[in-house]
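One structure is given here, and the rest of the page talks about it.
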Amino acid sequence: MRTHRIALALGTALLLAGCGSGQIGDTGGGQTDPNNKNLALITGMRGEPFYVSMECAAQQEAAAQGYQLNAQAPEKFEQAEQSQIFGSVVSTRPGAVIIAPTDDKALAAPLQQAKNNGIQVVEVDTALQDRSIAVASLSSDNYAGGKLAAQTLAHLVGGRSGSVLALNTKAGTSTTDERAKGFEEEIAKHPNLRLLPTQYTDNEPATAAQIVSATLAANPDLVGVFGTNLNTGEGAATALANAGRSGQVQLVGFDASPKQVEDLRNGRVQALIAQNPARIGQEGVRRAIAAIKGQPVERETRTEMIAITRDNMDQQSQYFYKSHC
């Protein structure tokens, strides 16, 4: 029960109730038709429960406000395919594009061109390094989420000493890079834990599983693993189960997909850091509509996260992601 109380307290303490920066962005870039009722949503990856949950809420909000939402996504979290989809979508001249950029630099030029042509840009989940293009950005506070993951893992490990591994996806992905940074800086405060070099999985569960298997062989003192997103967490859980180390090596995942929730319930994962993708999708549509109408738009918004353990998961089920609408 001690673990339950600590994890729940951590989740509550770092619950970020959608606070914004208070900055107001202009609706800049070309002339936008205020009567344009067409919106586009381009998420990071088709079928991923985080993005499915976002899309479901976005579709519901758009319909409620009398707008049409064209939602598309690449098969994999890849810049090239997303860029192709983006080019096709903007040719239909929506009033706004709501997008989760799969690369924080490469998509800047096409998004700037869309802005110049009067299409409002709203970033959801991920963001460009160039902050001048989008009228609004909505995401979880990923740095704080990484810190919460480290705090949760440290308490799960207790006083044991050993090595810890962080699994990132692809360098240049703003969300997971921030989670990894928060995790690394917070875990350094725990002298009993030795952080191994961060490994990149190319967002493939199989690659994550291979890395964890190799790390177990090279570091028999491994006591903890942090997966910075759904795919890395699922792959890590598979590797630990295959090695018979589930529960011996504490695994903290990020996101609460149906598979991750199942793994938490059966002990393959010890904690999940859950986001609120539905709120991001809903608010993304609201920001896009406001920008189309020429209304003031809050530039930066961060939504809440919470640490979920096996002990408190039934009380936190509202944070579980959807596999379909």
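Ordering of the structure tokens sets the chain letters (A, B, ...), residue numbers begin anew at 1 in every chain, and ligands are numbered from 1 in the order given.
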
So that I can check the secondary structure, give me every residue of stretch 210-244 of chain A assigned helix (DSSP H, G or I) by backbone DSSP, as an mmCIF file with C-alpha atoms, in the first residue's frame.
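This went into result30.cif:
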```cif
data_model
loop_
_atom_site.group_PDB
_atom_site.id
_atom_site.type_symbol
_atom_site.label_atom_id
_atom_site.label_comp_id
_atom_site.auth_asym_id
_atom_site.auth_seq_id
_atom_site.Cartn_x
_atom_site.Cartn_y
_atom_site.Cartn_z
ATOM 1 C CA GLN A 210 15.662 -6.251 -28.563
ATOM 2 C CA ILE A 211 17.351 -3.352 -26.739
ATOM 3 C CA VAL A 212 15.935 -4.394 -23.361
ATOM 4 C CA SER A 213 16.986 -8.007 -23.929
ATOM 5 C CA ALA A 214 20.536 -6.921 -24.778
ATOM 6 C CA THR A 215 20.616 -4.553 -21.782
ATOM 7 C CA LEU A 216 19.551 -7.345 -19.420
ATOM 8 C CA ALA A 217 22.408 -9.503 -20.686
ATOM 9 C CA ALA A 218 24.994 -6.711 -20.363
ATOM 10 C CA LEU A 230 3.359 3.493 -25.938
ATOM 11 C CA ASN A 231 5.477 1.479 -28.390
ATOM 12 C CA THR A 232 8.659 1.536 -26.300
ATOM 13 C CA GLY A 233 6.709 0.496 -23.198
ATOM 14 C CA GLU A 234 4.987 -2.378 -24.951
ATOM 15 C CA GLY A 235 8.272 -3.636 -26.384
ATOM 16 C CA ALA A 236 10.009 -3.399 -23.009
ATOM 17 C CA ALA A 237 7.189 -5.332 -21.328
ATOM 18 C CA THR A 238 7.534 -8.121 -23.878
ATOM 19 C CA ALA A 239 11.304 -8.410 -23.340
ATOM 20 C CA LEU A 240 11.026 -8.486 -19.550
ATOM 21 C CA ALA A 241 8.270 -11.111 -19.688
ATOM 22 C CA ASN A 242 10.284 -13.291 -22.066
#
```

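Shell of stretch 219-223 of chain A at 6 Å, with only C-alpha atoms counted and residues fewer than 6 places along the chain excluded, is A:Gly162, A:Ser163, A:Val164, A:Val249.
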
Sorted by chain and rising residue number, list the residues of stretch 173-228 of chain A at most 12 Å from stretch 36-53 of chain A (counting only C-alpha atoms), each with its closest atom pair and distance in Å to one decimal, as CSV.
```
residue,atom,partner,partner_atom,distance
A:Thr173,CA,A:Gly44,CA,10.6
A:Thr175,CA,A:Gly44,CA,11.6
A:Asn203,CA,A:Met45,CA,10.5
```

Tell me, as a VMD selection string, which residues lie within 9 Å of stretch 143-158 of chain A, counting only C-alpha atoms; anything in the same chain fewer than 5 positions away does not count. chain A and resid 3 6 to 7 10 to 11 14 175 to 187 190 193 223 to 226 228 249 to 254 270 to 275 305 to 307

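Comparing the minimum interatomic distances between A:Thr201 and each of A:Asn168, A:Ser83, A:Asn276, A:Ser174, counting only C-alpha atoms, we find that A:Asn168 sits nearest.
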
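Restricting the calculation to only C-alpha atoms, the smallest distance between A:Val121 and any of A:Ser161, A:Asn70, A:Thr32, A:Asn142 is found for A:Thr32.
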
Which polymer residues have any atom within 10 Å of an atom of stretch 98-112 of chain A, counting only C-alpha atoms, with same-chain residues fewer than 6 positions away left out, as a ChimeraX atom specification? /A:29,39-45,51,58,69,71-74,76-83,86-87,90,119-134,136-139,170-175,281,284-285,287-288

Record the distance separating atom CA of A:Arg279 and atom CA of A:Val89, expressed in Å with one decimal. 23.6 Å

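With only C-alpha atoms as the atoms that count, the minimum distance from A:Asp311 to the choices A:Leu264, A:Ala96, A:Ala166, A:Ala57 is reached by A:Leu264.
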
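Straight-line separation from atom CA of A:Pro296 to atom CA of A:Ser88: 28.5 Å.
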